[in-house]
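Here is run_35.cif, consisting of mmCIF, C-alpha atoms:
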```cif
data_work
loop_
_atom_site.label_atom_id
_atom_site.label_comp_id
_atom_site.auth_asym_id
_atom_site.auth_seq_id
_atom_site.Cartn_x
_atom_site.Cartn_y
_atom_site.Cartn_z
CA MET N 1 8.30 12.83 -9.07
CA ILE N 2 9.84 10.26 -6.68
CA VAL N 3 7.46 8.42 -4.36
CA ALA N 4 8.07 5.59 -1.89
CA GLU N 5 5.16 4.00 -0.03
CA ASP N 6 5.95 1.57 2.80
CA LEU N 7 8.96 0.16 0.95
CA VAL N 8 10.38 -2.98 2.52
CA LYS N 9 13.35 -5.00 1.33
CA GLU N 10 14.37 -8.22 3.06
CA PHE N 11 17.26 -10.54 2.28
CA LYS N 12 17.61 -14.20 3.16
CA VAL N 13 21.00 -14.87 4.78
CA HIS N 14 21.97 -18.51 5.33
CA ARG N 15 23.49 -19.46 8.66
CA ARG N 16 26.86 -21.17 8.75
CA ARG N 17 27.37 -23.68 11.53
CA PRO N 18 30.81 -23.78 13.15
CA GLY N 19 33.26 -26.61 12.51
CA LEU N 20 33.53 -29.32 9.87
CA ILE N 21 30.51 -31.26 11.11
CA GLY N 22 28.44 -28.09 11.10
CA SER N 23 29.49 -27.29 7.57
CA LEU N 24 28.59 -30.80 6.40
CA GLY N 25 25.23 -30.51 8.16
CA THR N 26 24.29 -27.47 6.08
CA LEU N 27 24.42 -29.68 2.99
CA PHE N 28 21.30 -31.48 4.22
CA SER N 29 19.53 -28.87 6.35
CA ARG N 30 19.95 -25.14 5.84
CA GLU N 31 18.74 -22.49 8.25
CA HIS N 32 18.57 -18.82 7.47
CA ASP N 33 17.83 -15.40 8.93
CA ILE N 34 15.73 -12.70 7.35
CA VAL N 35 17.62 -9.41 7.35
CA ARG N 36 15.48 -6.33 6.77
CA ALA N 37 17.60 -3.70 4.98
CA VAL N 38 14.72 -1.28 4.36
CA SER N 39 11.86 -1.12 6.84
CA GLY N 40 8.69 0.58 5.66
CA VAL N 41 10.28 3.64 4.05
CA SER N 42 7.82 6.30 2.85
CA PHE N 43 8.61 9.69 1.35
CA ARG N 44 7.76 11.98 -1.54
CA ILE N 45 10.19 14.17 -3.52
CA LEU N 46 8.48 16.79 -5.66
CA PRO N 47 9.63 17.64 -9.21
CA GLY N 48 12.65 19.93 -9.32
CA VAL N 49 13.68 19.30 -5.71
CA ARG N 50 17.30 18.50 -4.82
CA ALA N 51 17.09 16.02 -1.95
CA ALA N 52 19.84 14.39 0.07
CA TYR N 53 19.12 10.84 1.19
CA ILE N 54 21.63 10.25 3.94
CA GLY N 55 22.42 7.85 6.76
CA ALA N 56 25.18 5.82 8.31
CA ASN N 57 26.71 2.83 6.52
CA GLY N 58 24.20 -0.01 6.51
CA ALA N 59 21.22 2.31 6.99
CA GLY N 60 19.54 1.11 3.77
CA LYS N 61 20.35 4.03 1.46
CA SER N 62 21.80 2.12 -1.49
CA THR N 63 19.12 -0.57 -1.27
CA THR N 64 16.40 2.08 -1.46
CA VAL N 65 18.04 3.76 -4.45
CA LYS N 66 18.38 0.39 -6.20
CA MET N 67 14.63 -0.16 -5.82
CA LEU N 68 13.91 3.35 -7.10
CA THR N 69 16.06 2.75 -10.17
CA GLY N 70 14.69 -0.73 -10.95
CA VAL N 71 17.81 -2.67 -10.01
CA MET N 72 15.95 -4.47 -7.19
CA ASN N 73 12.34 -5.44 -6.56
CA PRO N 74 10.85 -4.47 -3.18
CA THR N 75 9.72 -7.24 -0.86
CA SER N 76 6.58 -5.20 -0.22
CA GLY N 77 5.38 -1.66 -0.70
CA ARG N 78 5.53 0.43 -3.84
CA CYS N 79 7.65 3.13 -5.45
CA THR N 80 7.29 5.28 -8.55
CA VAL N 81 9.58 7.63 -10.46
CA ALA N 82 7.91 10.02 -12.91
CA GLY N 83 4.76 7.92 -12.59
CA LEU N 84 6.46 4.62 -13.47
CA GLU N 85 7.21 1.65 -11.24
CA PRO N 86 10.91 1.17 -11.99
CA TYR N 87 11.07 -2.57 -11.31
CA ARG N 88 8.08 -3.22 -13.59
CA ASP N 89 8.98 -0.88 -16.45
CA ARG N 90 12.77 -0.78 -16.54
CA ARG N 91 13.13 0.32 -20.15
CA ARG N 92 10.95 3.44 -19.90
CA THR N 93 12.38 4.24 -16.47
CA ALA N 94 15.93 4.12 -17.83
CA ALA N 95 14.98 6.74 -20.42
CA ASN N 96 13.66 9.06 -17.68
CA ILE N 97 16.45 8.84 -15.12
CA GLY N 98 20.19 9.20 -14.75
CA VAL N 99 22.16 7.14 -12.24
CA VAL N 100 25.65 7.26 -10.76
CA PHE N 101 26.68 4.27 -8.64
CA GLY N 102 30.23 4.48 -7.36
CA GLN N 103 30.81 0.74 -7.77
CA ARG N 104 29.10 0.35 -11.16
CA SER N 105 30.02 2.10 -14.37
CA GLN N 106 27.71 3.06 -17.23
CA LEU N 107 30.75 3.68 -19.45
CA TRP N 108 32.35 1.10 -21.73
CA TRP N 109 35.42 -0.19 -19.92
CA ASP N 110 37.73 -0.59 -22.91
CA LEU N 111 36.68 2.56 -24.79
CA PRO N 112 37.61 6.21 -24.29
CA VAL N 113 35.03 8.39 -22.56
CA ALA N 114 34.21 10.21 -25.82
CA ASP N 115 33.26 6.92 -27.49
CA SER N 116 31.05 5.96 -24.54
CA PHE N 117 29.24 9.28 -24.87
CA ARG N 118 28.64 8.69 -28.58
CA ILE N 119 27.12 5.29 -27.81
CA LEU N 120 24.91 6.78 -25.07
CA ARG N 121 23.81 9.44 -27.55
CA ARG N 122 22.52 6.72 -29.88
CA ILE N 123 20.95 4.65 -27.10
CA HIS N 124 18.94 7.61 -25.82
CA ASP N 125 18.38 9.10 -29.27
CA ILE N 126 19.59 12.50 -28.08
CA PRO N 127 18.92 15.34 -30.55
CA ASP N 128 22.03 17.06 -31.96
CA PRO N 129 21.33 20.47 -30.31
CA VAL N 130 20.89 18.85 -26.88
CA TYR N 131 24.03 16.73 -27.29
CA ARG N 132 26.16 19.69 -28.37
CA ARG N 133 24.79 21.88 -25.58
CA ASN N 134 25.56 19.29 -22.92
CA MET N 135 29.01 18.45 -24.23
CA ALA N 136 29.91 22.16 -24.26
CA LEU N 137 28.73 22.45 -20.65
CA TYR N 138 30.76 19.41 -19.58
CA GLN N 139 33.84 20.76 -21.27
CA GLU N 140 33.39 24.13 -19.57
CA LEU N 141 32.97 22.71 -16.07
CA LEU N 142 34.67 19.30 -16.10
CA ASP N 143 37.29 19.57 -18.86
CA LEU N 144 36.37 16.15 -20.25
CA ASP N 145 38.54 16.66 -23.35
CA ALA N 146 41.56 16.35 -21.05
CA LEU N 147 40.75 12.65 -20.67
CA GLY N 148 41.78 12.17 -24.30
CA THR N 149 41.67 8.65 -25.76
CA THR N 150 42.52 6.84 -22.52
CA PRO N 151 40.27 3.80 -21.99
CA VAL N 152 37.91 4.08 -19.03
CA ARG N 153 39.63 1.19 -17.24
CA GLN N 154 42.87 3.20 -17.13
CA LEU N 155 41.33 6.35 -15.66
CA SER N 156 41.77 7.29 -12.02
CA LEU N 157 38.72 7.14 -9.78
CA GLY N 158 38.37 10.92 -9.88
CA GLN N 159 38.60 11.05 -13.68
CA ARG N 160 36.03 8.29 -14.04
CA MET N 161 33.61 9.84 -11.55
CA ARG N 162 33.43 13.18 -13.35
CA ALA N 163 32.73 11.30 -16.60
CA GLU N 164 30.06 9.20 -14.83
CA VAL N 165 28.25 12.31 -13.57
CA ALA N 166 28.30 13.86 -17.04
CA ALA N 167 27.04 10.62 -18.63
CA SER N 168 24.13 10.42 -16.16
CA LEU N 169 22.93 13.86 -17.29
CA LEU N 170 23.66 13.53 -21.02
CA HIS N 171 20.06 12.74 -22.07
CA ASP N 172 18.39 15.44 -19.90
CA PRO N 173 16.71 12.97 -17.50
CA ALA N 174 13.70 14.01 -15.45
CA ALA N 175 15.42 12.69 -12.30
CA VAL N 176 19.00 11.82 -11.45
CA PHE N 177 20.23 9.56 -8.63
CA LEU N 178 23.76 10.33 -7.47
CA ASP N 179 25.52 7.91 -5.12
CA GLU N 180 28.72 9.53 -3.76
CA PRO N 181 29.26 11.55 -6.98
CA THR N 182 32.36 13.44 -5.79
CA VAL N 183 34.33 10.52 -4.35
CA GLY N 184 37.95 10.69 -5.50
CA LEU N 185 37.69 14.30 -6.71
CA ASP N 186 39.86 17.18 -5.56
CA LEU N 187 38.31 20.36 -4.16
CA VAL N 188 38.20 22.16 -7.52
CA LEU N 189 36.45 19.30 -9.32
CA LYS N 190 34.06 18.76 -6.41
CA GLU N 191 32.92 22.35 -6.81
CA ALA N 192 32.62 21.85 -10.57
CA VAL N 193 30.40 18.76 -10.17
CA ARG N 194 28.22 20.58 -7.64
CA GLU N 195 27.88 23.55 -9.99
CA LEU N 196 26.97 21.22 -12.86
CA VAL N 197 24.21 19.52 -10.90
CA ASN N 198 22.83 22.83 -9.64
CA ARG N 199 22.93 24.40 -13.10
CA VAL N 200 21.10 21.46 -14.70
CA ASN N 201 18.50 21.60 -11.91
CA ALA N 202 18.00 25.35 -12.38
CA GLN N 203 17.82 25.26 -16.19
CA LEU N 204 15.93 22.00 -16.78
CA GLY N 205 14.12 21.38 -13.49
CA THR N 206 15.88 18.03 -13.04
CA THR N 207 14.95 16.32 -9.78
CA VAL N 208 18.04 15.26 -7.80
CA MET N 209 18.35 12.51 -5.21
CA LEU N 210 21.82 12.47 -3.67
CA THR N 211 23.40 9.99 -1.27
CA SER N 212 26.71 11.16 0.14
CA HIS N 213 28.86 11.23 3.27
CA ASP N 214 30.39 14.51 2.09
CA ILE N 215 28.76 17.32 4.06
CA GLY N 216 29.90 19.75 1.36
CA ASP N 217 27.86 17.87 -1.27
CA ILE N 218 24.76 18.01 0.89
CA THR N 219 24.95 21.69 1.81
CA SER N 220 26.06 22.83 -1.68
CA ILE N 221 23.51 20.89 -3.72
CA CYS N 222 20.47 20.00 -1.66
CA ASP N 223 17.49 22.00 -0.42
CA GLN N 224 15.81 19.01 1.23
CA VAL N 225 17.20 16.27 3.49
CA LEU N 226 15.85 12.79 4.19
CA VAL N 227 17.68 10.99 6.99
CA VAL N 228 17.40 7.21 7.10
CA ASN N 229 18.41 5.23 10.16
CA HIS N 230 18.18 1.44 10.54
CA GLY N 231 16.19 1.18 7.31
CA ALA N 232 13.53 3.81 8.05
CA VAL N 233 13.25 7.55 7.35
CA VAL N 234 13.57 9.46 10.63
CA HIS N 235 13.56 13.01 9.22
CA GLN N 236 12.44 14.80 6.09
CA GLY N 237 12.66 18.55 5.64
CA THR N 238 15.07 21.36 4.88
CA VAL N 239 18.64 21.45 6.17
CA HIS N 240 17.60 24.30 8.48
CA GLU N 241 14.77 22.22 9.93
CA LEU N 242 17.17 19.34 10.53
CA LEU N 243 19.55 21.62 12.43
CA ARG N 244 16.68 22.96 14.53
CA ALA N 245 15.71 19.39 15.40
CA ALA N 246 19.00 18.85 17.27
CA ASP N 247 18.29 17.44 20.73
CA THR N 248 21.43 19.07 22.14
CA ARG N 249 22.98 22.47 21.58
CA ALA N 250 26.21 24.03 22.80
CA VAL N 251 27.48 27.15 24.49
CA VAL N 252 31.19 27.91 24.17
CA PHE N 253 32.84 30.27 26.65
CA GLU N 254 36.21 31.53 27.83
CA TYR N 255 36.92 32.96 31.29
CA GLN N 256 39.72 34.45 33.32
CA ASP N 257 40.76 33.85 36.94
CA GLY N 258 38.46 31.61 39.00
CA PRO N 259 38.65 27.80 39.20
CA ASP N 260 40.81 25.68 36.95
CA PRO N 261 39.04 24.02 33.96
CA HIS N 262 38.54 20.67 35.73
CA GLN N 263 36.84 22.35 38.68
CA ALA N 264 34.80 24.53 36.31
CA ILE N 265 33.55 21.49 34.41
CA ALA N 266 32.63 19.72 37.65
CA LEU N 267 30.68 22.76 38.83
CA ILE N 268 28.77 23.11 35.56
CA GLU N 269 27.79 19.44 35.38
CA ALA N 270 26.76 19.38 39.05
CA ARG N 271 24.55 22.47 38.86
CA LEU N 272 22.99 22.18 35.39
CA PRO N 273 20.84 19.03 34.91
CA GLY N 274 21.66 16.89 31.87
CA VAL N 275 24.61 19.02 30.84
CA THR N 276 28.04 17.75 29.79
CA ALA N 277 31.09 20.00 29.54
CA ARG N 278 34.52 19.52 28.03
CA GLN N 279 37.68 21.57 27.76
CA SER N 280 38.57 22.85 24.31
CA GLU N 281 41.60 25.03 25.04
CA CYS N 282 43.27 26.38 28.18
CA ARG N 283 40.26 28.22 29.62
CA ARG N 284 37.83 27.59 26.79
CA ILE N 285 35.00 25.19 27.65
CA ILE N 286 32.20 23.71 25.53
CA VAL N 287 28.92 23.11 27.34
CA ASP N 288 26.47 20.69 25.66
CA TYR N 289 22.94 21.03 27.01
CA PRO N 290 19.64 19.22 26.23
CA THR N 291 17.30 21.54 24.33
CA GLY N 292 14.25 20.00 25.99
CA ARG N 293 15.39 21.03 29.48
CA LEU N 294 17.47 24.17 29.07
CA SER N 295 17.86 27.16 26.76
CA ALA N 296 21.01 28.97 25.70
CA ARG N 297 19.86 31.95 27.78
CA GLN N 298 19.63 29.83 30.94
CA VAL N 299 23.08 28.33 30.39
CA MET N 300 24.61 31.74 29.70
CA ALA N 301 22.97 33.25 32.80
CA PHE N 302 24.53 30.52 34.94
CA LEU N 303 27.96 31.08 33.39
CA LEU N 304 27.74 34.87 33.90
CA GLU N 305 26.89 34.30 37.55
CA HIS N 306 29.79 31.91 38.27
CA PHE N 307 32.61 32.94 35.91
CA ASP N 308 34.42 36.07 34.82
CA LEU N 309 33.66 35.62 31.10
CA THR N 310 35.87 37.03 28.35
CA ASP N 311 33.87 35.42 25.50
CA CYS N 312 30.61 33.48 25.24
CA VAL N 313 28.77 32.27 22.11
CA ALA N 314 25.97 29.85 21.30
CA PRO N 315 26.83 28.60 17.78
CA GLU N 316 24.30 26.97 15.51
CA PRO N 317 24.72 23.17 15.51
CA ASP N 318 26.60 21.95 12.46
CA LEU N 319 25.12 19.34 10.17
CA GLU N 320 27.89 16.81 10.81
CA THR N 321 27.26 16.87 14.58
CA VAL N 322 23.49 16.49 14.19
CA LEU N 323 23.88 13.55 11.83
CA ARG N 324 26.44 11.88 14.07
CA ARG N 325 23.96 11.92 16.95
CA ILE N 326 21.26 10.38 14.77
CA TYR N 327 23.58 7.68 13.43
CA THR N 328 24.78 6.63 16.88
CA ARG N 329 21.34 6.05 18.35
CA ARG N 330 20.81 2.52 19.61
CA ALA N 331 20.00 0.13 16.77
CA GLU N 332 16.66 -1.62 16.77
CA PRO N 333 16.50 -5.39 16.10
CA ARG N 334 17.06 -6.06 12.43
CA GLU N 335 17.03 -9.83 12.10
CA VAL N 336 14.12 -12.23 12.39
CA PRO N 337 15.25 -15.85 12.85
CA VAL N 338 13.43 -18.39 10.68
#
```

Show this structure as structure tokens.
Amino acid sequence: MIVAEDLVKEFKVHRRRPGLIGSLGTLFSREHDIVRAVSGVSFRILPGVRAAYIGANGAGKSTTVKMLTGVMNPTSGRCTVAGLEPYRDRRRTAANIGVVFGQRSQLWWDLPVADSFRILRRIHDIPDPVYRRNMALYQELLDLDALGTTPVRQLSLGQRMRAEVAASLLHDPAAVFLDEPTVGLDLVLKEAVRELVNRVNAQLGTTVMLTSHDIGDITSICDQVLVVNHGAVVHQGTVHELLRAADTRAVVFEYQDGPDPHQAIALIEARLPGVTARQSECRRIIVDYPTGRLSARQVMAFLLEHFDLTDCVAPEPDLETVLRRIYTRRAEPREVPV
């Protein structure tokens, strides 16, 4: 359904010289850098899959989605959505996909939401049964009628976002691209949007590509995760596979008597190679260990030997921690002077 093959997107950024003389000099001779926002991205999302495309700010997520939706042309490489190259066949692609961009609205700014939906109905030539079915679903989950006749420009961010999500699904697209779809929503409406996306996927087989910093969106909606870092995909698989790929794990323990926490931490870090420990509560310590050198069993055996334990657990790594470690890896060079 969604295919990217060695996608590259580069931007030309002009250099500004310091001072008045430097600024005048750029009028006659301009230098620039080539900034690579997307660096050889390749992936494949099968029909009906709900995939999260996630990464730190500046990782190239939005640029990739813009190429997949036909907003931008790639510098090199190729991408297709439902067999079409979006940047070459924008009209047919628009009929096949739905898109939510947080900074761009597909609704008419000076019209009420209901009027925007009527216009979208005509644009996409949506049959009456499909339109009525979808509007009933949106009313059930999102309470769109509560928006009344208020123009879109006067809606709050949360009100507009729930209307944007509904509009992106109105014509039963084969694939939908959601960029931060729950931003500005309260907990109840976040759950409603997630349920809407999941229900449409289950009933119609709609392929979903989600970009979000909300861990709840990722775990509630997606069955696949693509992690992009510095413009390239560094992981693709299930959420469970991503968690298993963590290069560090933790053991959390509490003890009684014995050394004080500072001495306990010093002992652990001195005797276990590559381990870091930190105090959580009074006598509760978190031990982070490298999975390539130690196992939870080895760490626990050491703790049992040296401490009078009252509690000891090895929790599964959480998604937020795993992603944070990926995001904070050292950046590779991204600019090529010209």

Name the residues in contact with Leu155 in chain N at a cut-off of 12 Å, using all atoms listed in the file, excluding same-chain residues fewer than 3 positions from it; report them as a list in words.
Leu107, Trp109, Asp110, Leu111, Pro112, Val113, Leu144, Ala146, Leu147, Gly148, Thr149, Thr150, Pro151, Val152, Gly158, Gln159, Arg160, Met161, Arg162, Ala163, Glu164 and Gly184 of chain N

Could you write those residues out with C-alpha atoms, as a PDB file, keeping the file's coordinate frame?
```pdb
ATOM      1  CA  LEU N 107      30.750   3.680 -19.450  1.00  0.00           C
ATOM      2  CA  TRP N 109      35.420  -0.190 -19.920  1.00  0.00           C
ATOM      3  CA  ASP N 110      37.730  -0.590 -22.910  1.00  0.00           C
ATOM      4  CA  LEU N 111      36.680   2.560 -24.790  1.00  0.00           C
ATOM      5  CA  PRO N 112      37.610   6.210 -24.290  1.00  0.00           C
ATOM      6  CA  VAL N 113      35.030   8.390 -22.560  1.00  0.00           C
ATOM      7  CA  LEU N 144      36.370  16.150 -20.250  1.00  0.00           C
ATOM      8  CA  ALA N 146      41.560  16.350 -21.050  1.00  0.00           C
ATOM      9  CA  LEU N 147      40.750  12.650 -20.670  1.00  0.00           C
ATOM     10  CA  GLY N 148      41.780  12.170 -24.300  1.00  0.00           C
ATOM     11  CA  THR N 149      41.670   8.650 -25.760  1.00  0.00           C
ATOM     12  CA  THR N 150      42.520   6.840 -22.520  1.00  0.00           C
ATOM     13  CA  PRO N 151      40.270   3.800 -21.990  1.00  0.00           C
ATOM     14  CA  VAL N 152      37.910   4.080 -19.030  1.00  0.00           C
ATOM     15  CA  GLY N 158      38.370  10.920  -9.880  1.00  0.00           C
ATOM     16  CA  GLN N 159      38.600  11.050 -13.680  1.00  0.00           C
ATOM     17  CA  ARG N 160      36.030   8.290 -14.040  1.00  0.00           C
ATOM     18  CA  MET N 161      33.610   9.840 -11.550  1.00  0.00           C
ATOM     19  CA  ARG N 162      33.430  13.180 -13.350  1.00  0.00           C
ATOM     20  CA  ALA N 163      32.730  11.300 -16.600  1.00  0.00           C
ATOM     21  CA  GLU N 164      30.060   9.200 -14.830  1.00  0.00           C
ATOM     22  CA  GLY N 184      37.950  10.690  -5.500  1.00  0.00           C
TER      23      GLY N 184
END
```

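Picture a line from CA of Tyr255 in chain N to CA of Leu304 in chain N; it runs 9.7 Å.
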
Running the PyMOL selection byres ((chain N and resi 296) around 8) on this model by hand, what would come out? Give it as a ChimeraX atom specification.
/N:249-251,294-295,297-300,314

Determine the residue membership of the PyMOL selection byres ((chain N and resi 124) around 10) for the file above and supply it as a list of chain:residue names.
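Against this file, the PyMOL selection byres ((chain N and resi 124) around 10) returns the residues N:Ala94, N:Ala95, N:Asn96, N:Ile119, N:Leu120, N:Arg121, N:Arg122, N:Ile123, N:Asp125, N:Ile126, N:Pro127, N:Leu170, N:His171, N:Asp172.
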
Neighbour residues at most 8 Å from (29.6, 14.5, -0.2) (all atoms listed in the file) as a list of chain:residue names:
N:Glu180, N:Pro181, N:Thr182, N:Val183, N:Thr211, N:Ser212, N:His213, N:Asp214, N:Ile215, N:Gly216, N:Asp217, N:Ile218

Which residues, written as a list in words, have at least one atom at most 7 Å from Val225 in chain N, with all atoms listed in the file counted and residues fewer than 5 positions away on the same chain left out?
Ala51, Ala52, Tyr53, Gln236, Gly237, Thr238 and Val239 of chain N

Could you check how far CA of Thr93 in chain N sits from CA of Gly77 in chain N, in Å to one decimal?
18.2 Å

How would range 182-209 of chain N look with N, CA and C atoms restored, written as a PDB file, in the frame of the given file?
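Contents of out38.pdb, freshly written:
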```
ATOM      1  N   THR N 182      31.084  12.725  -5.806  1.00  0.00           N
ATOM      2  CA  THR N 182      32.360  13.440  -5.790  1.00  0.00           C
ATOM      3  C   THR N 182      33.483  12.640  -5.150  1.00  0.00           C
ATOM      4  N   VAL N 183      33.276  11.334  -4.935  1.00  0.00           N
ATOM      5  CA  VAL N 183      34.330  10.520  -4.350  1.00  0.00           C
ATOM      6  C   VAL N 183      35.540  10.510  -5.282  1.00  0.00           C
ATOM      7  N   GLY N 184      36.725  10.712  -4.717  1.00  0.00           N
ATOM      8  CA  GLY N 184      37.950  10.690  -5.500  1.00  0.00           C
ATOM      9  C   GLY N 184      38.282  12.000  -6.197  1.00  0.00           C
ATOM     10  N   LEU N 185      37.431  13.033  -6.046  1.00  0.00           N
ATOM     11  CA  LEU N 185      37.690  14.300  -6.710  1.00  0.00           C
ATOM     12  C   LEU N 185      38.414  15.272  -5.781  1.00  0.00           C
ATOM     13  N   ASP N 186      39.244  16.139  -6.364  1.00  0.00           N
ATOM     14  CA  ASP N 186      39.860  17.180  -5.560  1.00  0.00           C
ATOM     15  C   ASP N 186      38.848  18.308  -5.325  1.00  0.00           C
ATOM     16  N   LEU N 187      39.239  19.310  -4.548  1.00  0.00           N
ATOM     17  CA  LEU N 187      38.310  20.360  -4.160  1.00  0.00           C
ATOM     18  C   LEU N 187      37.767  21.128  -5.368  1.00  0.00           C
ATOM     19  N   VAL N 188      38.627  21.394  -6.352  1.00  0.00           N
ATOM     20  CA  VAL N 188      38.200  22.160  -7.520  1.00  0.00           C
ATOM     21  C   VAL N 188      37.152  21.389  -8.321  1.00  0.00           C
ATOM     22  N   LEU N 189      37.393  20.096  -8.544  1.00  0.00           N
ATOM     23  CA  LEU N 189      36.450  19.300  -9.320  1.00  0.00           C
ATOM     24  C   LEU N 189      35.174  19.004  -8.528  1.00  0.00           C
ATOM     25  N   LYS N 190      35.274  18.895  -7.203  1.00  0.00           N
ATOM     26  CA  LYS N 190      34.060  18.760  -6.410  1.00  0.00           C
ATOM     27  C   LYS N 190      33.141  19.953  -6.631  1.00  0.00           C
ATOM     28  N   GLU N 191      33.710  21.149  -6.584  1.00  0.00           N
ATOM     29  CA  GLU N 191      32.920  22.350  -6.810  1.00  0.00           C
ATOM     30  C   GLU N 191      32.331  22.359  -8.214  1.00  0.00           C
ATOM     31  N   ALA N 192      33.103  21.875  -9.194  1.00  0.00           N
ATOM     32  CA  ALA N 192      32.620  21.850 -10.570  1.00  0.00           C
ATOM     33  C   ALA N 192      31.428  20.894 -10.721  1.00  0.00           C
ATOM     34  N   VAL N 193      31.497  19.715 -10.105  1.00  0.00           N
ATOM     35  CA  VAL N 193      30.400  18.760 -10.170  1.00  0.00           C
ATOM     36  C   VAL N 193      29.157  19.337  -9.492  1.00  0.00           C
ATOM     37  N   ARG N 194      29.353  19.964  -8.341  1.00  0.00           N
ATOM     38  CA  ARG N 194      28.220  20.580  -7.640  1.00  0.00           C
ATOM     39  C   ARG N 194      27.577  21.673  -8.480  1.00  0.00           C
ATOM     40  N   GLU N 195      28.413  22.492  -9.129  1.00  0.00           N
ATOM     41  CA  GLU N 195      27.880  23.550  -9.990  1.00  0.00           C
ATOM     42  C   GLU N 195      27.122  22.957 -11.164  1.00  0.00           C
ATOM     43  N   LEU N 196      27.649  21.869 -11.737  1.00  0.00           N
ATOM     44  CA  LEU N 196      26.970  21.220 -12.860  1.00  0.00           C
ATOM     45  C   LEU N 196      25.589  20.740 -12.461  1.00  0.00           C
ATOM     46  N   VAL N 197      25.497  20.041 -11.350  1.00  0.00           N
ATOM     47  CA  VAL N 197      24.210  19.520 -10.900  1.00  0.00           C
ATOM     48  C   VAL N 197      23.235  20.658 -10.626  1.00  0.00           C
ATOM     49  N   ASN N 198      23.700  21.701  -9.959  1.00  0.00           N
ATOM     50  CA  ASN N 198      22.830  22.830  -9.640  1.00  0.00           C
ATOM     51  C   ASN N 198      22.386  23.571 -10.893  1.00  0.00           C
ATOM     52  N   ARG N 199      23.286  23.694 -11.870  1.00  0.00           N
ATOM     53  CA  ARG N 199      22.930  24.400 -13.100  1.00  0.00           C
ATOM     54  C   ARG N 199      21.889  23.610 -13.898  1.00  0.00           C
ATOM     55  N   VAL N 200      22.069  22.298 -13.980  1.00  0.00           N
ATOM     56  CA  VAL N 200      21.100  21.460 -14.700  1.00  0.00           C
ATOM     57  C   VAL N 200      19.740  21.515 -13.992  1.00  0.00           C
ATOM     58  N   ASN N 201      19.752  21.493 -12.663  1.00  0.00           N
ATOM     59  CA  ASN N 201      18.500  21.600 -11.910  1.00  0.00           C
ATOM     60  C   ASN N 201      17.809  22.930 -12.184  1.00  0.00           C
ATOM     61  N   ALA N 202      18.581  24.026 -12.181  1.00  0.00           N
ATOM     62  CA  ALA N 202      18.000  25.350 -12.380  1.00  0.00           C
ATOM     63  C   ALA N 202      17.466  25.534 -13.797  1.00  0.00           C
ATOM     64  N   GLN N 203      18.194  25.017 -14.798  1.00  0.00           N
ATOM     65  CA  GLN N 203      17.820  25.260 -16.190  1.00  0.00           C
ATOM     66  C   GLN N 203      16.764  24.282 -16.703  1.00  0.00           C
ATOM     67  N   LEU N 204      16.820  23.032 -16.237  1.00  0.00           N
ATOM     68  CA  LEU N 204      15.930  22.000 -16.780  1.00  0.00           C
ATOM     69  C   LEU N 204      14.915  21.475 -15.777  1.00  0.00           C
ATOM     70  N   GLY N 205      15.048  21.876 -14.502  1.00  0.00           N
ATOM     71  CA  GLY N 205      14.120  21.380 -13.490  1.00  0.00           C
ATOM     72  C   GLY N 205      14.346  19.933 -13.129  1.00  0.00           C
ATOM     73  N   THR N 206      15.563  19.430 -13.340  1.00  0.00           N
ATOM     74  CA  THR N 206      15.880  18.030 -13.040  1.00  0.00           C
ATOM     75  C   THR N 206      15.773  17.763 -11.543  1.00  0.00           C
ATOM     76  N   THR N 207      15.047  16.728 -11.178  1.00  0.00           N
ATOM     77  CA  THR N 207      14.950  16.320  -9.780  1.00  0.00           C
ATOM     78  C   THR N 207      16.221  15.549  -9.403  1.00  0.00           C
ATOM     79  N   VAL N 208      16.769  15.853  -8.228  1.00  0.00           N
ATOM     80  CA  VAL N 208      18.040  15.260  -7.800  1.00  0.00           C
ATOM     81  C   VAL N 208      17.837  14.511  -6.493  1.00  0.00           C
ATOM     82  N   MET N 209      18.300  13.262  -6.454  1.00  0.00           N
ATOM     83  CA  MET N 209      18.350  12.510  -5.210  1.00  0.00           C
ATOM     84  C   MET N 209      19.798  12.095  -4.988  1.00  0.00           C
TER      85      MET N 209
END
```
